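Here is the file query.cif (mmCIF, C-alpha atoms and all ligand atoms).
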```cif
data_entry
loop_
_atom_site.label_atom_id
_atom_site.label_comp_id
_atom_site.auth_asym_id
_atom_site.auth_seq_id
_atom_site.Cartn_x
_atom_site.Cartn_y
_atom_site.Cartn_z
CA MET A 19 182.73 -0.85 214.15
CA LEU A 20 182.56 2.64 215.65
CA GLU A 21 184.42 3.04 218.93
CA ILE A 22 184.18 6.33 220.80
CA ARG A 23 186.49 6.91 223.76
CA ASP A 24 186.82 9.72 226.21
CA LEU A 25 184.87 12.16 224.03
CA SER A 26 184.49 15.58 225.63
CA VAL A 27 183.08 18.79 224.20
CA SER A 28 183.24 22.27 225.73
CA TYR A 29 181.57 25.46 224.62
CA GLY A 30 183.78 28.08 226.24
CA GLN A 31 183.80 27.23 229.97
CA HIS A 32 180.74 25.03 229.64
CA ARG A 33 181.49 21.30 229.49
CA ALA A 34 178.58 19.90 227.43
CA LEU A 35 179.96 16.36 227.11
CA GLU A 36 182.27 14.65 229.58
CA SER A 37 184.41 11.64 228.65
CA ALA A 38 181.73 9.77 226.72
CA ALA A 39 182.55 6.21 225.66
CA LEU A 40 180.33 4.12 223.43
CA HIS A 41 180.47 1.74 220.53
CA VAL A 42 178.29 0.66 217.61
CA SER A 43 178.79 -2.68 215.85
CA PRO A 44 177.77 -3.47 212.27
CA GLY A 45 174.04 -4.20 212.05
CA GLU A 46 173.43 -2.90 215.57
CA ILE A 47 170.97 -0.17 216.57
CA VAL A 48 172.24 1.88 219.48
CA VAL A 49 170.06 4.59 220.98
CA ILE A 50 171.18 7.53 223.09
CA LEU A 51 168.45 8.75 225.38
CA GLY A 52 168.56 12.01 227.25
CA ALA A 53 166.57 15.05 228.27
CA ASN A 54 166.71 18.39 226.48
CA GLY A 55 170.18 19.83 226.84
CA ALA A 56 171.73 16.53 227.98
CA GLY A 57 174.33 16.72 225.21
CA LYS A 58 172.93 14.32 222.60
CA SER A 59 173.31 16.61 219.58
CA THR A 60 176.65 17.77 220.93
CA LEU A 61 177.88 14.17 220.79
CA LEU A 62 176.63 13.59 217.23
CA LYS A 63 177.96 16.90 215.94
CA ALA A 64 181.39 16.26 217.43
CA LEU A 65 181.43 12.84 215.85
CA CYS A 66 180.43 14.14 212.42
CA GLY A 67 182.92 17.03 212.40
CA ILE A 68 180.42 19.85 212.70
CA SER A 69 180.81 20.80 216.36
CA GLU A 70 181.03 24.45 217.33
CA GLY A 71 182.75 23.50 220.58
CA ARG A 72 186.21 22.27 221.56
CA VAL A 73 186.34 18.53 220.99
CA THR A 74 188.79 16.08 222.56
CA GLY A 75 188.99 12.29 222.68
CA SER A 76 188.90 9.63 220.04
CA ALA A 77 186.43 8.09 217.59
CA LEU A 78 187.67 5.14 215.57
CA LEU A 79 185.70 3.92 212.58
CA ASP A 80 187.09 0.55 211.62
CA GLY A 81 190.34 1.58 213.26
CA GLU A 82 190.54 4.93 211.45
CA GLU A 83 190.54 8.05 213.63
CA ILE A 84 187.74 10.33 212.45
CA LEU A 85 187.52 12.78 215.34
CA GLY A 86 188.63 16.21 214.19
CA ALA A 87 188.50 15.28 210.51
CA ARG A 88 186.57 17.41 208.00
CA PRO A 89 182.88 16.43 207.67
CA ASP A 90 183.33 15.27 204.07
CA ARG A 91 186.28 13.09 205.11
CA ILE A 92 184.15 11.56 207.83
CA VAL A 93 181.44 10.68 205.28
CA GLU A 94 184.15 9.22 203.07
CA ALA A 95 185.33 7.12 206.02
CA GLY A 96 181.82 5.67 206.33
CA LEU A 97 179.84 7.71 208.88
CA SER A 98 176.78 9.48 207.53
CA LEU A 99 174.50 11.82 209.47
CA VAL A 100 170.78 12.43 209.08
CA PRO A 101 170.63 15.81 210.78
CA GLU A 102 167.78 17.11 212.88
CA GLY A 103 165.41 18.83 210.44
CA ARG A 104 166.41 16.44 207.60
CA GLY A 105 168.22 18.97 205.35
CA ILE A 106 166.68 17.66 202.16
CA PHE A 107 165.93 19.65 199.00
CA GLY A 108 162.17 20.16 198.81
CA ASP A 109 162.10 21.29 195.20
CA LEU A 110 163.98 18.27 193.90
CA THR A 111 162.44 14.87 193.32
CA VAL A 112 163.03 11.82 195.51
CA GLN A 113 165.47 10.34 193.04
CA GLU A 114 167.36 13.62 192.67
CA ASN A 115 167.72 13.91 196.45
CA LEU A 116 168.96 10.34 196.60
CA THR A 117 171.45 10.93 193.82
CA LEU A 118 172.86 13.90 195.74
CA GLY A 119 173.70 11.46 198.53
CA ALA A 120 176.00 9.63 196.14
CA TYR A 121 178.35 12.61 195.92
CA PRO A 122 181.07 11.18 198.20
CA THR A 123 183.83 9.38 196.34
CA ARG A 124 183.20 6.16 198.28
CA ALA A 125 179.72 6.00 196.70
CA ARG A 126 180.43 7.17 193.17
CA ASP A 127 181.82 3.92 191.82
CA ASP A 128 178.57 2.18 192.52
CA GLU A 129 175.98 4.93 192.28
CA THR A 130 173.54 2.67 190.46
CA GLY A 131 174.07 -0.25 192.86
CA ASN A 132 173.56 2.05 195.86
CA LEU A 133 170.37 3.46 194.39
CA ASP A 134 169.08 -0.06 193.75
CA ARG A 135 169.90 -1.00 197.33
CA VAL A 136 168.22 2.08 198.82
CA LEU A 137 165.12 1.66 196.68
CA SER A 138 164.81 -1.97 197.67
CA LEU A 139 165.32 -1.06 201.35
CA PHE A 140 162.61 1.58 201.07
CA PRO A 141 160.06 0.40 198.50
CA LYS A 142 157.93 3.46 199.25
CA LEU A 143 160.68 5.64 197.84
CA ALA A 144 160.80 3.49 194.72
CA GLU A 145 157.09 4.17 194.18
CA ARG A 146 157.63 7.90 194.63
CA ARG A 147 160.87 8.35 192.75
CA ARG A 148 159.55 11.20 190.65
CA GLN A 149 157.60 12.98 193.35
CA THR A 150 158.78 16.41 194.40
CA VAL A 151 159.90 16.04 197.98
CA ARG A 152 158.07 19.05 199.42
CA THR A 153 154.76 17.45 198.40
CA MET A 154 155.45 14.42 200.62
CA SER A 155 154.39 13.82 204.20
CA GLY A 156 156.84 14.43 207.05
CA GLY A 157 157.42 10.71 207.48
CA GLU A 158 158.08 10.21 203.78
CA GLN A 159 160.48 13.15 203.78
CA GLN A 160 162.32 11.62 206.72
CA MET A 161 162.62 8.42 204.72
CA VAL A 162 164.13 10.41 201.83
CA ALA A 163 166.65 11.90 204.27
CA ILE A 164 167.60 8.43 205.51
CA GLY A 165 167.70 7.08 201.96
CA ARG A 166 169.96 9.92 200.91
CA ALA A 167 172.37 9.26 203.78
CA MET A 168 172.34 5.57 202.82
CA MET A 169 173.39 6.50 199.27
CA SER A 170 176.88 7.25 200.60
CA ASN A 171 177.13 3.55 201.44
CA PRO A 172 177.87 4.18 205.13
CA GLN A 173 179.09 1.71 207.72
CA VAL A 174 177.35 3.69 210.43
CA LEU A 175 174.28 5.88 210.08
CA ALA A 176 173.83 8.56 212.76
CA LEU A 177 170.41 10.14 213.21
CA ASP A 178 169.54 13.19 215.28
CA GLU A 179 165.95 13.01 216.55
CA PRO A 180 164.45 11.60 213.34
CA SER A 181 161.00 11.18 214.90
CA LEU A 182 160.70 14.86 215.79
CA GLY A 183 157.38 16.27 214.60
CA LEU A 184 156.07 12.96 213.24
CA SER A 185 152.68 11.48 214.13
CA PRO A 186 152.75 8.13 216.03
CA LEU A 187 151.85 6.29 212.84
CA LEU A 188 154.64 7.91 210.83
CA CYS A 189 157.05 7.28 213.73
CA LYS A 190 156.24 3.61 213.45
CA ASP A 191 157.09 3.66 209.72
CA LEU A 192 160.27 5.52 210.44
CA PHE A 193 161.47 3.04 213.06
CA GLN A 194 160.59 0.16 210.72
CA SER A 195 162.81 1.70 208.07
CA LEU A 196 165.67 1.80 210.59
CA LEU A 197 165.21 -1.94 211.06
CA ALA A 198 165.69 -2.27 207.30
CA VAL A 199 168.94 -0.30 207.57
CA LYS A 200 170.09 -2.60 210.38
CA ALA A 201 169.20 -5.66 208.30
CA ALA A 202 171.50 -4.32 205.59
CA GLY A 203 174.38 -4.64 208.07
CA VAL A 204 174.73 -0.92 208.76
CA GLY A 205 175.28 0.24 212.35
CA VAL A 206 172.74 2.81 213.54
CA LEU A 207 173.49 5.45 216.16
CA LEU A 208 170.19 6.99 217.07
CA VAL A 209 169.66 10.07 219.22
CA GLU A 210 166.05 10.13 220.34
CA GLN A 211 163.59 11.50 222.83
CA ASN A 212 160.99 8.96 221.79
CA ALA A 213 162.29 6.39 224.27
CA LYS A 214 159.41 4.00 223.98
CA GLN A 215 159.65 3.31 220.26
CA SER A 216 163.39 3.65 219.95
CA LEU A 217 164.00 1.11 222.74
CA ARG A 218 161.69 -1.29 220.91
CA ILE A 219 163.91 -1.39 217.83
CA ALA A 220 167.29 -0.84 219.50
CA ASP A 221 169.77 -3.50 220.55
CA ARG A 222 171.46 -1.39 223.19
CA GLY A 223 171.11 2.04 224.69
CA TYR A 224 172.99 4.69 226.64
CA LEU A 225 171.50 7.22 229.02
CA LEU A 226 173.02 10.67 228.83
CA GLU A 227 172.47 13.06 231.72
CA ASN A 228 174.06 16.48 232.01
CA GLY A 229 176.74 15.58 229.50
CA GLU A 230 177.66 12.24 231.09
CA ILE A 231 176.76 8.69 230.15
CA VAL A 232 175.19 7.37 233.35
CA ASN A 233 173.94 3.99 232.17
CA GLU A 234 174.43 1.52 229.35
CA ASP A 235 172.51 -1.69 228.82
CA LYS A 236 170.60 -3.87 226.41
CA ALA A 237 167.50 -2.09 225.12
CA ASP A 238 165.03 -4.50 226.73
CA ALA A 239 166.80 -4.20 230.09
CA LEU A 240 166.66 -0.42 229.86
CA ALA A 241 162.96 -0.56 228.98
CA ARG A 242 162.35 -2.62 232.15
CA ASP A 243 164.53 -0.43 234.38
CA PRO A 244 162.22 1.43 236.84
CA ALA A 245 164.40 4.55 236.74
CA VAL A 246 164.26 4.61 232.96
CA GLN A 247 160.52 4.02 233.03
CA ARG A 248 160.05 6.91 235.43
CA ALA A 249 162.28 9.28 233.51
CA TYR A 250 161.66 8.38 229.90
CA LEU A 251 158.63 6.14 229.56
CA GLY A 252 156.10 7.64 231.95
CA ALA A 253 155.39 6.32 235.45
CA GLY A 254 153.11 3.52 234.25
CA GLY A 255 155.93 1.14 233.35
CA GLY A 256 156.20 2.14 229.73
CA GLN A 257 152.51 2.31 228.97
CA ALA A 258 152.28 6.08 228.99
CA ALA A 259 153.46 8.25 226.15
CA PRO A 260 157.12 9.15 226.42
CA HIS A 261 157.82 12.47 228.02
CA GLN A 262 160.82 14.67 228.43
CA PRO A 263 162.39 14.34 231.85
CA GLU A 264 163.54 17.49 233.57
CA ALA A 265 167.23 18.02 233.19
CA ALA A 266 169.00 18.23 236.54
CA PRO A 267 170.27 21.70 237.49
CA ARG A 268 173.47 22.43 235.63
CA PRO A 269 175.92 25.25 235.47
CA ALA A 270 174.70 27.89 233.09
CA ALA A 271 176.19 27.55 229.65
CA THR A 272 178.83 30.09 228.89
CA PRO A 273 177.32 32.91 226.93
CA ARG A 274 178.38 32.40 223.34
CA ARG A 275 180.14 35.73 223.19
CA PRO A 276 180.98 36.81 226.76
CA SER A 277 183.62 39.29 225.67
CA GLY A 278 185.74 39.77 222.61
CA PRO A 279 185.34 42.00 219.59
CA SER A 280 182.96 44.93 219.54
CA ALA A 281 179.79 44.86 217.46
CA SER A 282 181.38 47.01 214.78
CA GLU A 283 184.42 44.71 214.58
CA ILE A 284 182.10 41.75 214.18
CA ALA A 285 180.19 43.53 211.42
CA ALA A 286 183.40 44.48 209.64
CA ALA A 287 184.73 40.90 209.84
CA ALA A 288 181.41 39.53 208.60
CA LEU A 289 181.38 41.95 205.66
CA ASP A 290 184.88 40.87 204.86
CA ARG A 291 183.78 37.23 204.79
CA VAL A 292 180.85 38.03 202.53
CA GLY A 293 183.23 39.62 200.11
CA THR A 294 184.99 36.26 199.90
CA ALA A 295 181.86 34.11 199.99
CA SER A 296 180.04 35.98 197.26
CA ARG A 297 183.04 36.18 194.94
CA PRO A 298 182.08 34.35 191.75
CA PRO A 299 183.77 30.98 191.26
CA ALA A 300 186.50 30.58 188.67
CA ALA A 301 185.12 30.36 185.14
CA ARG A 302 183.82 26.91 184.27
CA PRO A 303 181.71 25.67 181.38
CA PRO A 304 178.19 27.18 181.78
CA ALA A 305 175.46 24.91 183.19
CA ARG A 306 171.94 24.81 181.84
CA PRO A 307 169.65 27.50 183.31
CA ALA A 308 167.89 26.20 186.44
CA ALA A 309 164.43 26.50 184.86
CA GLU A 310 165.50 24.40 181.91
CA ALA A 311 167.45 21.95 184.06
CA ALA A 312 164.50 21.53 186.40
CA GLY A 313 162.63 19.57 183.74
CA PRO A 314 158.87 19.08 184.04
CA PRO A 315 156.87 21.14 186.56
CA ASP A 316 156.78 20.01 190.19
CA THR A 317 153.66 17.93 190.08
CA PRO A 318 153.46 14.93 192.37
CA ASP A 319 153.71 11.69 190.49
CA THR A 320 153.03 8.72 192.65
CA LYS A 321 153.00 6.17 189.84
CA PRO A 322 155.82 3.66 189.83
CA ALA A 323 158.41 4.69 187.28
CA PRO A 324 158.36 2.33 184.31
CA GLU A 325 162.10 1.98 183.94
CA GLY A 326 164.52 0.24 186.34
CA PRO A 327 166.30 2.31 188.99
CA ALA A 328 169.60 2.07 187.21
CA SER A 329 168.44 3.81 184.06
CA ARG A 330 168.40 7.55 183.50
CA LEU A 331 170.34 8.45 186.64
CA PRO A 332 170.62 12.22 186.86
CA ASP A 333 174.15 13.55 186.92
CA VAL A 334 175.18 14.27 190.49
CA ASN A 335 177.16 17.39 189.55
CA ASP A 336 174.17 18.85 187.71
CA LEU A 337 172.05 18.14 190.76
CA VAL A 338 174.52 19.83 193.08
CA ALA A 339 174.42 22.89 190.86
CA ARG A 340 170.61 22.87 190.75
CA ALA A 341 170.32 22.32 194.49
CA SER A 342 172.63 25.30 195.07
CA ALA A 343 170.56 27.43 192.70
CA GLN A 344 167.34 26.42 194.45
CA SER A 345 168.64 27.04 197.91
CA SER A 346 169.68 30.55 197.00
CA ARG A 347 166.40 31.46 195.27
CA ARG A 348 163.80 33.43 197.21
CA PRO A 349 160.40 31.71 197.39
CA GLY A 350 158.36 32.91 194.44
CA ALA A 351 161.28 34.57 192.71
CA PRO A 352 161.95 33.65 189.10
CA ALA A 353 164.46 30.91 188.46
CA ARG A 354 168.00 32.09 187.89
CA PRO A 355 170.71 30.30 185.98
CA ALA A 356 172.34 27.59 188.07
CA PRO A 357 175.99 28.05 188.97
CA PRO A 358 178.35 26.04 186.83
CA ALA A 359 178.37 22.35 187.59
CA ALA A 360 181.55 20.99 189.15
CA ARG A 361 183.53 18.45 187.23
CA ARG A 362 183.63 14.90 188.59
CA ASP A 363 187.26 15.20 189.57
CA GLU A 364 186.77 18.45 191.49
CA PRO A 365 186.38 18.44 195.27
CA PRO A 366 182.74 18.61 196.37
CA ARG A 367 181.27 22.06 196.85
CA ARG A 368 179.08 22.91 199.81
CA VAL A 369 175.33 22.79 199.17
CA ALA A 370 172.83 24.50 201.42
CA PRO A 371 169.43 22.88 201.96
CA THR A 372 166.37 24.85 200.90
CA GLY A 373 165.47 27.69 203.17
CA THR A 374 168.24 27.12 205.66
CA GLU A 375 171.06 29.24 204.42
CA PRO A 376 170.93 32.57 202.61
CA ASP A 377 174.06 32.24 200.54
CA THR A 378 173.51 34.87 197.88
CA GLY A 379 175.49 38.05 198.15
CA ASP A 380 172.47 40.35 198.08
CA ARG A 381 170.58 38.59 200.89
CA LEU A 382 173.67 38.42 203.06
CA GLN A 383 174.46 42.00 202.22
CA ALA A 384 171.00 43.05 203.45
CA VAL A 385 171.50 41.18 206.72
CA LEU A 386 174.97 42.59 207.15
CA ASP A 387 173.75 46.11 206.45
CA GLU A 388 171.41 45.57 209.39
CA ILE A 389 174.30 44.34 211.54
CA GLU A 390 176.33 47.39 210.59
CA ALA A 391 173.46 49.69 211.46
CA ALA A 392 173.04 47.88 214.81
CA ALA A 393 176.77 48.23 215.44
CA ARG A 394 176.58 51.95 214.74
CA ARG A 395 173.64 52.27 217.14
CA ALA A 396 175.58 50.32 219.79
CA GLU A 397 178.57 52.65 219.36
CA THR A 398 176.29 55.67 219.83
CA TYR A 399 174.87 54.20 223.05
CA ARG A 400 178.37 53.35 224.29
CA SER A 401 179.76 56.83 223.70
CA ARG A 402 176.62 58.26 225.36
CA ASP A 403 177.29 56.00 228.37
CA ARG A 404 180.92 57.08 228.48
CA ARG A 405 179.92 60.74 228.48
CA ARG A 406 177.60 60.20 231.47
N1 LIG A 501 177.04 26.15 219.99
C1 LIG A 501 176.85 26.14 221.30
N2 LIG A 501 177.39 27.10 222.08
C2 LIG A 501 177.22 27.10 223.43
N3 LIG A 501 176.52 26.16 224.09
C3 LIG A 501 175.95 25.18 223.36
C4 LIG A 501 176.08 25.13 221.93
N4 LIG A 501 175.40 24.02 221.49
C5 LIG A 501 174.89 23.43 222.58
N5 LIG A 501 175.20 24.12 223.69
C6 LIG A 501 174.84 23.77 225.08
O1 LIG A 501 175.30 22.44 225.33
C7 LIG A 501 174.34 21.73 226.08
C8 LIG A 501 173.94 20.46 225.33
O2 LIG A 501 173.22 20.84 224.17
P1 LIG A 501 172.72 19.78 223.10
O3 LIG A 501 172.16 20.54 221.96
O4 LIG A 501 173.80 18.83 222.81
O5 LIG A 501 171.57 19.04 223.91
P2 LIG A 501 170.55 17.91 223.43
O6 LIG A 501 170.66 16.79 224.40
O7 LIG A 501 170.76 17.59 222.00
O8 LIG A 501 169.17 18.66 223.64
P3 LIG A 501 167.85 18.67 222.72
O9 LIG A 501 167.21 17.34 222.91
O10 LIG A 501 167.06 19.78 223.32
O11 LIG A 501 168.28 18.95 221.31
C9 LIG A 501 173.20 22.68 226.34
O12 LIG A 501 173.38 23.24 227.61
C10 LIG A 501 173.35 23.72 225.27
O13 LIG A 501 172.86 24.97 225.68
#
```

This structure in structure tokens:
Amino acid sequence: MLEIRDLSVSYGQHRALESAALHVSPGEIVVILGANGAGKSTLLKALCGISEGRVTGSALLDGEEILGARPDRIVEAGLSLVPEGRGIFGDLTVQENLTLGAYPTRARDDETGNLDRVLSLFPKLAERRRQTVRTMSGGEQQMVAIGRAMMSNPQVLALDEPSLGLSPLLCKDLFQSLLAVKAAGVGVLLVEQNAKQSLRIADRGYLLENGEIVNEDKADALARDPAVQRAYLGAGGGQAAPHQPEAAPRPAATPRRPSGPSASEIAAAALDRVGTASRPPAARPPARPAAEAAGPPDTPDTKPAPEGPASRLPDVNDLVARASAQSSRRPGAPARPAPPAARRDEPPRRVAPTGTEPDTGDRLQAVLDEIEAAARRAETYRSRDRRR
């Protein structure tokens, strides 16, 4: 059971979430509906330990306080997030992506059992186990993202706008797969703008407006509520396609950097951080080169794999190393050796999804060179202004 009480989040002076209270029981689908900027992602991020704002309140997962804990501790406690944009590794296969989800300690003891469970929950993934993820449709990729989160054996699965960018048909598949998750006894906390379909599968829902929960009810009651129909389901009583209601006027969000360090100080601090980030890790036994570790070329293979799911499980540490190598490779650039694989008993290292995070020293250095140049230009303008 997840019990959130008095959860507030501020970004500077801007209060994005105000004393939110909600709960999710095992095997229950709870949807949070709200317009753009209502605070839905803010709530999920705070819960999962990745908020950029100041977070106060309480979130108990089976009695354990998780608010303010590190994201990996929160996953260990049993809350797994499928982030907006999925965050999967396009160049890895379905099974490799799933295996990466078994990295948390709570899942390692039964990696094979979890994989069996996920593949039986999502038979489509079982058929596509060897397919490279980037060759799959958006809906299939979303299913991989959900499957991967399920590999950590969560008690509660949180999803941030999973239907974003999916066709109506794929949305239907996606929501069906959430029913499968529910049937497995997992609580689902779903942030959605697709009110029509999410209310169809949900047990209960909360309406979030301008950072405050303004209504809570059973999903069917919400779907019948005229105000909800007007705001979220179209004026025709739920027959029209869902639309985004206008957010009520709100105080302007505090600019992210209203004052503080100068541009050159920021650039210097950033360069300092890169020095740390790009420092090579302590010597470990060398991993196989990425090209060799990648195995056969990335050709889609939609045939069912002949062997059972339990056999030939890739090693999760190898995968983490390969995923890191992939995420730091420029598109089209030759494969480089993967960083050394972590040992099982080492704490998990951070892995960046493909194309989302430039974590190689040279790419960061190029960006930071630009920042430095911009800082120098800013200084020139400032001293010109001062002279005037
Ligand atoms: N890192 C941040 N710094 C400052 N303000 C932020 C930050 N993240 C979100 N906000 C502000 O907090 C408010 C809530 O944003 P949030 O992303 O939670 O909305 P949302 O309901 O998820 O919207 P959407 O459906 O468009 O994703 C917005 O006014 C947004 O501008």

Checklist entry - Which is closer to Pro172 of chain A than all the others in A:Val209, A:Val93, A:Leu184, A:Leu20, using all atoms listed in the file? => result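 Using all atoms listed in the file, Pro172 of chain A sits closest to A:Val93.
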
Next on the checklist: Any residue with an atom at most 8 Å from ligand LIG 501 (chain A) counts, using only C-alpha atoms and all ligand atoms. Which are they? Put them as a ChimeraX atom specification.
Outcome noted: /A:28-30,32-35,52-61,69-71,179,210-211,226,228-229,270-274

Take the residues that were just selected and, keeping C-alpha atoms, output them as a compact mmCIF listing (two decimals), in the frame of the given file.
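Writing the result to selection-v7.txt gives the following:
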```
# COMPACT_ATOMS: atom_id res chain seq x y z
CA SER A 28 183.24 22.27 225.73
CA TYR A 29 181.57 25.46 224.62
CA GLY A 30 183.78 28.08 226.24
CA HIS A 32 180.74 25.03 229.64
CA ARG A 33 181.49 21.30 229.49
CA ALA A 34 178.58 19.90 227.43
CA LEU A 35 179.96 16.36 227.11
CA GLY A 52 168.56 12.01 227.25
CA ALA A 53 166.57 15.05 228.27
CA ASN A 54 166.71 18.39 226.48
CA GLY A 55 170.18 19.83 226.84
CA ALA A 56 171.73 16.53 227.98
CA GLY A 57 174.33 16.72 225.21
CA LYS A 58 172.93 14.32 222.60
CA SER A 59 173.31 16.61 219.58
CA THR A 60 176.65 17.77 220.93
CA LEU A 61 177.88 14.17 220.79
CA SER A 69 180.81 20.80 216.36
CA GLU A 70 181.03 24.45 217.33
CA GLY A 71 182.75 23.50 220.58
CA GLU A 179 165.95 13.01 216.55
CA GLU A 210 166.05 10.13 220.34
CA GLN A 211 163.59 11.50 222.83
CA LEU A 226 173.02 10.67 228.83
CA ASN A 228 174.06 16.48 232.01
CA GLY A 229 176.74 15.58 229.50
CA ALA A 270 174.70 27.89 233.09
CA ALA A 271 176.19 27.55 229.65
CA THR A 272 178.83 30.09 228.89
CA PRO A 273 177.32 32.91 226.93
CA ARG A 274 178.38 32.40 223.34
```

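Taking atom CA of Gly157 of chain A and atom CA of Arg248 of chain A as the two end points, the separation is 28.3 Å.
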
Checklist entry - Nearest to Ala125 of chain A among A:Leu110, A:Ala167, A:Ala144, A:Gln149, with distances taken over only C-alpha atoms: which residue is it? => result A:Ala167

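Atom pair atom CA of Val199 of chain A / atom CA of Ser76 of chain A: separated by 25.5 Å.
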
Checklist entry - Hey, which of A:Leu40, A:Leu137, A:Val100, A:Ile22 ends up closest to Val232 of chain A? Count only C-alpha atoms. => result A:Leu40

Checklist entry - Looking at A:Val174, A:Met169, A:Val73, A:Leu85, which one is nearest to Lys200 of chain A, with distances taken over all atoms listed in the file? => result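 Checking each of A:Val174, A:Met169, A:Val73, A:Leu85 against Lys200 of chain A, counting all atoms listed in the file, the winner is A:Val174.
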
Checklist entry - With distances taken over all atoms listed in the file, which of A:Gly119, A:Gly252, A:Gly108, A:Pro244 is nearest to Asn212 of chain A? => result A:Gly252

Next on the checklist: Considering only C-alpha atoms, can you say which of A:Pro186, A:Gly45, A:Pro101, A:Pro122 comes closest to Ala202 of chain A?
Outcome noted: A:Gly45

Item to check | Selection: 8 Å around segment 112-116 of chain A, only C-alpha atoms, excl. self and same-chain fewer than 2 positions, as a count of residues only | outcome: 20
